[in-house]
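Down below is the structure, laid out as structure tokens.
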Amino acid sequence: MIIIKSEKEIECIKESSKILAETFEYVKSQIKAGIKTKDLDRKIETFIIKKGAKPAFKGYNGYPASACISINEVVIHGIPDERRIEEGDIVGVDIGVKHKGCFSDAAYTFGIGEISKEKEKLIDTTLLALYRAIDKAQIGGRVGDISHIVQQTAESEGYNVVREFVGHGVGKKLHEDPPIPNFGREGFGPRLKSGMILALEPMINEGTYNVDILDDGWTVVTRDRKSSAHFEHTILITEGNSEILTNSSLYEDFDSKLKLI
Ligand code: MF3
Ligand code: CO
């Protein structure tokens with residue numbers, strides 16, 4: 001069942017999302033070559049707690065950390081550990097916040113220092129897919145419109161979308177209906193209505209869409225070990241364009257790039 005949020009719930013999820021947006025600005029200031037992913041995770045956790053909120057992923061289905069930190073061939077759910085981030089890596093950081101019982105969920109893929117042209121294009125295409133998906137998230141549209149535009153954006157560049165993991169509703173729970181696949185058919189699936197809050201999250205692979213889960217039970221890697229990128233925003237469907245609740249200064253550069261497309 002897809003929940004239409006009340007005004008009160010919307011305010012609550014907005015507050016949670018604002019803390020999450022600030023957390024990403026903080027991550028941008030801290031992420032650099034040489035840092036251990038475990039240390040970055042600790043900083044993220046401390047930041048969220050200082051804001052009076054909780055890291056939503058910690059303990060979720062037994063997940064052991066506050067953030068998922070996914071480097072290069074890791075698609076999602078990378079567990080922070082002793083690995084150091086290196087120049088040239090692309091690093092997906094996925095964070096959830098719980099505040100006053102309300103969840104928000106977002107992810108951003110950072111390029112560390114100079115990255116290859118190939119990695120840069122993968123990142124830009126994934127972000128473009130997210131923004132095109134957000135553009136489709138309009139009253140009267142359908143979930144399939146979102147799925148289709150992500151798939152089309154990825155495949156038109158020769159990339160592939162991950163099949164096994166999907167976007168979702170978000171609110172009083174981290175994962176709510178509807179599931180939002182990153183592939184599908186326009187005009188199909190549930191209708192989008194005012195007051196729905198969704199986490200849209202394209203995961204795009206440079207090579208095959210097939211993935212494997214490592215023995216830790218979490219880490220999702222591309223089967224061919226080529227790179228993957230992931231972006232995610234929590235959005236509110238409302239009159240006109242949907243509202244991006246996890247927007248922050250991280251997207252400023254991209255906004256100006258988008259205007260040129
Ligand atoms: N953002 C992810 C999602 O939407 C990660 C959650 S997995 C967790 O599903 F277990 F780490 F919380
Ligand atoms: Co999510």
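How things are named: the first chain in the structure tokens is A, the next is B, and so on; residues count from 1 in each chain; ligands count from 1 in the order shown.
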
Do a neighbour search on A:Met196 at 7 Å with only C-alpha atoms, toss out local chain neighbours closer than 2 positions, and write the hits as a short mmCIF file (atom, residue, chain, number, x, y, z; two decimals) with all heavy atoms, in the first residue's frame.
```
data_model
loop_
_atom_site.label_atom_id
_atom_site.label_comp_id
_atom_site.auth_asym_id
_atom_site.auth_seq_id
_atom_site.Cartn_x
_atom_site.Cartn_y
_atom_site.Cartn_z
N ILE A 3 1.52 4.96 0.82
CA ILE A 3 1.00 5.91 1.80
C ILE A 3 1.07 7.33 1.25
O ILE A 3 2.12 7.77 0.78
CB ILE A 3 1.80 5.81 3.12
CG1 ILE A 3 1.69 4.39 3.70
CG2 ILE A 3 1.34 6.86 4.12
CD1 ILE A 3 2.69 4.09 4.79
N ILE A 4 -0.08 8.02 1.32
CA ILE A 4 -0.11 9.46 1.02
C ILE A 4 0.16 10.17 2.35
O ILE A 4 -0.56 9.96 3.32
CB ILE A 4 -1.48 9.89 0.45
CG1 ILE A 4 -1.85 9.07 -0.80
CG2 ILE A 4 -1.51 11.39 0.17
CD1 ILE A 4 -0.96 9.27 -1.99
N LYS A 5 1.19 10.97 2.39
CA LYS A 5 1.60 11.59 3.66
C LYS A 5 0.71 12.78 4.03
O LYS A 5 0.30 13.56 3.16
CB LYS A 5 3.05 12.06 3.56
CG LYS A 5 4.08 11.01 4.00
CD LYS A 5 4.25 9.87 3.04
CE LYS A 5 5.28 8.87 3.52
NZ LYS A 5 5.43 7.78 2.56
N LYS A 193 0.81 10.15 -7.05
CA LYS A 193 -0.18 11.09 -6.50
C LYS A 193 0.48 12.10 -5.57
O LYS A 193 1.53 11.81 -4.98
CB LYS A 193 -1.23 10.31 -5.70
CG LYS A 193 -2.02 9.36 -6.56
CD LYS A 193 -3.20 8.75 -5.82
CE LYS A 193 -3.97 7.84 -6.77
NZ LYS A 193 -4.51 6.67 -6.08
N SER A 194 -0.17 13.23 -5.44
CA SER A 194 0.32 14.28 -4.54
C SER A 194 0.43 13.73 -3.12
O SER A 194 -0.47 13.03 -2.65
CB SER A 194 -0.65 15.45 -4.58
OG SER A 194 -0.14 16.50 -3.80
N LEU A 198 9.07 9.58 -2.18
CA LEU A 198 9.79 8.47 -2.83
C LEU A 198 11.29 8.66 -2.75
O LEU A 198 11.79 9.80 -2.80
CB LEU A 198 9.38 8.39 -4.31
CG LEU A 198 7.89 8.37 -4.64
CD1 LEU A 198 7.68 8.45 -6.15
CD2 LEU A 198 7.23 7.11 -4.07
N LEU A 236 9.31 14.66 -2.86
CA LEU A 236 7.88 14.76 -2.56
C LEU A 236 7.12 15.06 -3.85
O LEU A 236 7.45 16.02 -4.55
CB LEU A 236 7.66 15.90 -1.55
CG LEU A 236 6.21 16.37 -1.35
CD1 LEU A 236 5.36 15.30 -0.68
CD2 LEU A 236 6.19 17.66 -0.51
N ILE A 237 6.13 14.22 -4.14
CA ILE A 237 5.27 14.49 -5.29
C ILE A 237 4.25 15.56 -4.87
O ILE A 237 3.55 15.40 -3.86
CB ILE A 237 4.48 13.23 -5.75
CG1 ILE A 237 5.39 12.03 -5.94
CG2 ILE A 237 3.65 13.54 -6.99
CD1 ILE A 237 6.13 11.95 -7.22
#
```

If the limit is 7 Å from any atom of ligand 1, counting only C-alpha atoms and all ligand atoms, which residues qualify? Return them as a list in words.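 Those within range of ligand 1 are Ala56, Phe57, Lys58, Tyr60, Asn61, Tyr63, Ala67, Cys68, His77, Asp94, Ile95, Gly96, Asp105, Ala106, Ala107, Gly167 and His175 of chain A.
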
Residue among A:Ile123, A:Ile146, A:Ile139, A:Ile204 lying closest to A:Gly189, counting only C-alpha atoms: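 Comparing A:Ile123, A:Ile146, A:Ile139, A:Ile204 against A:Gly189, the winner is A:Ile146.
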
So which bits of stretch 18-176 of chain A end up alpha helix (DSSP H) when you DSSP the backbone, as a PyMOL selection string? chain A and resi 18-30+37-50+117-136+143-155

Please determine, counting only C-alpha atoms, which residue among A:Ser104, A:Ser66, A:Thr153, A:Asn72 has the shortest atom-to-atom distance to A:Gly92. A:Asn72

Shell around A:Ala21 at 6 Å using only C-alpha atoms, local window under 2 positions removed, as a VMD selection string: chain A and resid 18 to 19 23 to 24 246 248

Name the residues in contact with A:His230 at a cut-off of 12 Å, using only C-alpha atoms, excluding same-chain residues fewer than 5 positions from it; report them as a ChimeraX atom specification. /A:68-77,90-95,106-111,122-130,150,154,161-162,165-167,182,200-206

Those residues with C-alpha atoms, as a compact mmCIF listing (two decimals), in the first residue's frame please?
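Once everything was written out, this is selection-v8.txt:
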```
# COMPACT_ATOMS: atom_id res chain seq x y z
CA CYS A 68 27.23 2.41 2.96
CA ILE A 69 30.51 3.33 1.26
CA SER A 70 30.90 1.68 -2.14
CA ILE A 71 34.14 2.08 -4.10
CA ASN A 72 34.44 1.57 -7.91
CA GLU A 73 33.14 -1.96 -8.67
CA VAL A 74 31.07 -1.97 -5.49
CA VAL A 75 27.55 -1.05 -6.56
CA ILE A 76 25.91 -0.50 -3.15
CA HIS A 77 26.03 -1.63 0.50
CA ILE A 90 34.61 6.81 -7.43
CA VAL A 91 32.96 6.43 -4.05
CA GLY A 92 29.24 5.99 -3.53
CA VAL A 93 28.12 7.18 -0.12
CA ASP A 94 24.59 6.17 0.88
CA ILE A 95 23.09 7.48 4.12
CA ALA A 106 20.05 9.72 -0.18
CA ALA A 107 23.24 8.71 -1.98
CA TYR A 108 25.96 10.53 -3.92
CA THR A 109 28.93 9.21 -5.90
CA PHE A 110 32.07 11.29 -5.33
CA GLY A 111 35.02 11.35 -7.73
CA LEU A 122 29.43 7.21 -15.74
CA ILE A 123 28.86 9.57 -12.79
CA ASP A 124 27.35 12.32 -14.95
CA THR A 125 25.02 9.89 -16.72
CA THR A 126 23.80 8.39 -13.43
CA LEU A 127 23.10 11.84 -12.02
CA LEU A 128 21.35 12.83 -15.22
CA ALA A 129 19.23 9.67 -14.97
CA LEU A 130 18.22 10.67 -11.44
CA VAL A 150 16.42 5.74 -16.04
CA ALA A 154 21.72 4.50 -19.08
CA VAL A 161 20.96 -0.70 -14.91
CA VAL A 162 21.05 -3.00 -11.92
CA PHE A 165 17.78 -3.40 -6.25
CA VAL A 166 15.15 -0.71 -6.55
CA GLY A 167 14.03 2.69 -5.29
CA ASN A 182 15.36 1.39 -12.65
CA LEU A 200 14.61 7.40 -6.41
CA GLU A 201 17.96 5.67 -6.80
CA PRO A 202 19.48 4.76 -10.15
CA MET A 203 22.37 2.27 -9.93
CA ILE A 204 24.17 2.23 -13.27
CA ASN A 205 26.95 -0.12 -14.33
CA GLU A 206 29.64 0.57 -16.89
```

Tell me, in Å to one decimal, how far atom CA of A:Met1 is from atom CA of A:Gln138. 18.8 Å

For a test of reading the model, state the distance in Å between atom CA of A:Thr219 and atom CA of A:Ile79, rounded to one decimal. 6.7 Å

Which one is closest to ligand 2: A:Glu22, A:Pro179, A:Gly195, A:Glu252? Count only C-alpha atoms and all ligand atoms. A:Pro179

Length of the atom CA of A:Arg142 to atom CA of A:Leu174 vector [Å]: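 Spanning atom CA of A:Arg142 to atom CA of A:Leu174 is a straight-line distance of 21.3 Å.
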